[in-house]
>>> print(open('protein-v2.cif').read())   # mmCIF, C-alpha atoms; chains and numbers go by the auth columns
data_run
loop_
_atom_site.group_PDB
_atom_site.id
_atom_site.type_symbol
_atom_site.label_atom_id
_atom_site.label_comp_id
_atom_site.label_asym_id
_atom_site.label_seq_id
_atom_site.Cartn_x
_atom_site.Cartn_y
_atom_site.Cartn_z
_atom_site.B_iso_or_equiv
_atom_site.auth_seq_id
_atom_site.auth_asym_id
ATOM 1 C CA MET A 1 -12.815 -10.138 28.541 0.00 3 A
ATOM 2 C CA LYS A 2 -14.208 -12.086 25.593 0.00 4 A
ATOM 3 C CA HIS A 3 -12.830 -11.400 22.162 0.00 5 A
ATOM 4 C CA PRO A 4 -15.120 -11.470 19.119 0.00 6 A
ATOM 5 C CA PRO A 5 -14.718 -14.528 16.894 0.00 7 A
ATOM 6 C CA GLN A 6 -12.189 -14.176 14.103 0.00 8 A
ATOM 7 C CA PRO A 7 -13.636 -14.120 10.575 0.00 9 A
ATOM 8 C CA GLN A 8 -13.280 -17.414 8.763 0.00 10 A
ATOM 9 C CA ARG A 9 -11.287 -17.504 5.534 0.00 11 A
ATOM 10 C CA PRO A 10 -13.526 -18.569 2.636 0.00 12 A
ATOM 11 C CA ALA A 11 -12.811 -22.114 1.458 0.00 13 A
ATOM 12 C CA GLN A 12 -12.099 -21.045 -2.126 0.00 14 A
ATOM 13 C CA ARG A 13 -9.215 -18.761 -1.121 0.00 15 A
ATOM 14 C CA ARG A 14 -5.824 -20.414 -1.142 0.00 16 A
ATOM 15 C CA LYS A 15 -2.862 -19.342 0.930 0.00 17 A
ATOM 16 C CA LEU A 16 -0.343 -17.502 -1.265 0.00 18 A
ATOM 17 C CA PRO A 17 3.382 -17.106 -0.647 0.00 19 A
ATOM 18 C CA PRO A 18 4.476 -13.745 0.769 0.00 20 A
ATOM 19 C CA ARG A 19 4.628 -10.866 -1.729 0.00 21 A
ATOM 20 C CA GLN A 20 1.881 -12.357 -3.904 0.00 22 A
ATOM 21 C CA LEU A 21 -1.771 -11.500 -4.290 0.00 23 A
ATOM 22 C CA GLU A 22 -4.630 -12.805 -6.332 0.00 24 A
ATOM 23 C CA TRP A 23 -7.098 -10.483 -8.051 0.00 25 A
ATOM 24 C CA GLN A 24 -9.948 -11.568 -10.311 0.00 26 A
ATOM 25 C CA GLY A 25 -8.369 -14.953 -10.985 0.00 27 A
ATOM 26 C CA GLU A 26 -4.869 -13.608 -11.755 0.00 28 A
ATOM 27 C CA THR A 27 -1.865 -14.049 -9.437 0.00 29 A
ATOM 28 C CA TYR A 28 0.546 -11.126 -9.128 0.00 30 A
ATOM 29 C CA THR A 29 4.028 -11.301 -7.605 0.00 31 A
ATOM 30 C CA ALA A 30 5.723 -8.208 -6.187 0.00 32 A
ATOM 31 C CA ARG A 31 8.995 -7.310 -7.858 0.00 33 A
ATOM 32 C CA PRO A 32 11.794 -6.938 -5.295 0.00 34 A
ATOM 33 C CA ASP A 33 13.574 -4.375 -7.486 0.00 35 A
ATOM 34 C CA LEU A 34 10.740 -1.815 -7.209 0.00 36 A
ATOM 35 C CA GLU A 35 10.568 0.910 -4.570 0.00 37 A
ATOM 36 C CA SER A 36 7.461 3.041 -4.014 0.00 38 A
ATOM 37 C CA TYR A 37 7.323 6.371 -2.204 0.00 39 A
ATOM 38 C CA LEU A 38 4.151 8.306 -1.383 0.00 40 A
ATOM 39 C CA LEU A 39 4.897 12.035 -1.230 0.00 41 A
ATOM 40 C CA ILE A 40 2.314 14.254 0.456 0.00 42 A
ATOM 41 C CA GLY A 41 2.387 18.053 0.551 0.00 43 A
ATOM 42 C CA VAL A 42 0.539 19.246 3.658 0.00 44 A
ATOM 43 C CA GLY A 43 -0.849 22.790 3.768 0.00 45 A
ATOM 44 C CA GLU A 44 0.329 23.539 7.315 0.00 46 A
ATOM 45 C CA MET A 45 3.625 25.275 8.015 0.00 47 A
ATOM 46 C CA GLY A 46 5.826 24.013 10.844 0.00 48 A
ATOM 47 C CA GLU A 47 6.573 20.705 12.468 0.00 49 A
ATOM 48 C CA ALA A 48 4.111 17.833 11.990 0.00 50 A
ATOM 49 C CA VAL A 49 2.124 17.120 15.141 0.00 51 A
ATOM 50 C CA GLY A 50 -0.065 14.083 15.854 0.00 52 A
ATOM 51 C CA THR A 51 -3.792 14.487 16.427 0.00 53 A
ATOM 52 C CA GLU A 52 -6.714 12.318 17.535 0.00 54 A
ATOM 53 C CA SER A 53 -9.005 13.885 14.929 0.00 55 A
ATOM 54 C CA TYR A 54 -9.064 13.312 11.188 0.00 56 A
ATOM 55 C CA ILE A 55 -9.543 17.073 10.621 0.00 57 A
ATOM 56 C CA GLY A 56 -6.725 18.390 12.807 0.00 58 A
ATOM 57 C CA GLY A 57 -3.712 17.713 10.601 0.00 59 A
ATOM 58 C CA GLY A 58 -4.135 20.168 7.755 0.00 60 A
ATOM 59 C CA GLN A 59 -4.969 19.410 4.153 0.00 61 A
ATOM 60 C CA SER A 60 -2.964 17.541 1.580 0.00 62 A
ATOM 61 C CA ASP A 61 -2.314 19.886 -1.336 0.00 63 A
ATOM 62 C CA VAL A 62 -0.303 17.371 -3.359 0.00 64 A
ATOM 63 C CA GLN A 63 -0.154 13.579 -3.455 0.00 65 A
ATOM 64 C CA MET A 64 2.363 11.851 -5.695 0.00 66 A
ATOM 65 C CA LEU A 65 3.333 8.200 -5.916 0.00 67 A
ATOM 66 C CA LEU A 66 6.924 7.807 -7.098 0.00 68 A
ATOM 67 C CA VAL A 67 7.944 4.330 -8.298 0.00 69 A
ATOM 68 C CA LEU A 68 11.623 3.512 -8.811 0.00 70 A
ATOM 69 C CA ASP A 69 12.537 0.523 -10.974 0.00 71 A
ATOM 70 C CA ASN A 70 16.085 -0.326 -9.893 0.00 72 A
ATOM 71 C CA ALA A 71 16.499 -3.185 -12.390 0.00 73 A
ATOM 72 C CA ASN A 72 15.801 -0.965 -15.405 0.00 74 A
ATOM 73 C CA GLN A 73 17.096 2.227 -13.760 0.00 75 A
ATOM 74 C CA THR A 74 13.857 4.090 -14.499 0.00 76 A
ATOM 75 C CA TRP A 75 11.243 5.933 -12.473 0.00 77 A
ATOM 76 C CA GLN A 76 7.653 7.066 -12.895 0.00 78 A
ATOM 77 C CA ALA A 77 5.483 9.518 -10.967 0.00 79 A
ATOM 78 C CA LEU A 78 1.768 8.783 -10.751 0.00 80 A
#
>>> encode(input="protein-v2.cif", output="structure tokens")
Amino acid sequence: MKHPPQPQRPAQRRKLPPRQLEWQGETYTARPDLESYLLIGVGEMGEAVGTESYIGGGQSDVQMLLVLDNANQTWQAL
């Protein structure tokens, strides 16, 4: 079985160390003291069950991103 060719990385992109990304010419480094939690409220009662369909798992009534800053002992919900 032949595999499709892998996409080539553009020449202008440089390899960054782990936990870094570059966006619009700026380099951002992830802070190790941050924790992020995505909380999702699903509108189906009972135990969560896997499905092969994108419409079979109920609807998300609430989505909240909670970010904990352990260094400053603060938190923020988005």
>>> resolve_selection(input="protein-v2.cif", expression="the PyMOL selection byres ((chain A and resi 41-54) around 10)", output="PyMOL selection string")
chain A and resi 38-40+55-68
>>> residues_around(input="protein-v2.cif", residues="A:Thr76", least_positions_apart="5", cutoff="12 Å", atoms="all atoms listed in the file", output="NGL selection string")
:A and (35-37 or 68-71)
>>> atom_distance(input="protein-v2.cif", atom1="atom CA of A:Gln22", atom2="atom CA of A:Asn72")
19.6 Å
>>> atom_distance(input="protein-v2.cif", atom1="atom CA of A:Ala73", atom2="atom CA of A:Arg21")
17.7 Å
>>> resolve_selection(input="protein-v2.cif", expression="the PyMOL selection byres ((chain A and resi 31) around 9)", output="list in words")
Pro20, Arg21, Gln22, Leu23, Glu24, Thr29, Tyr30, Ala32 and Arg33 of chain A
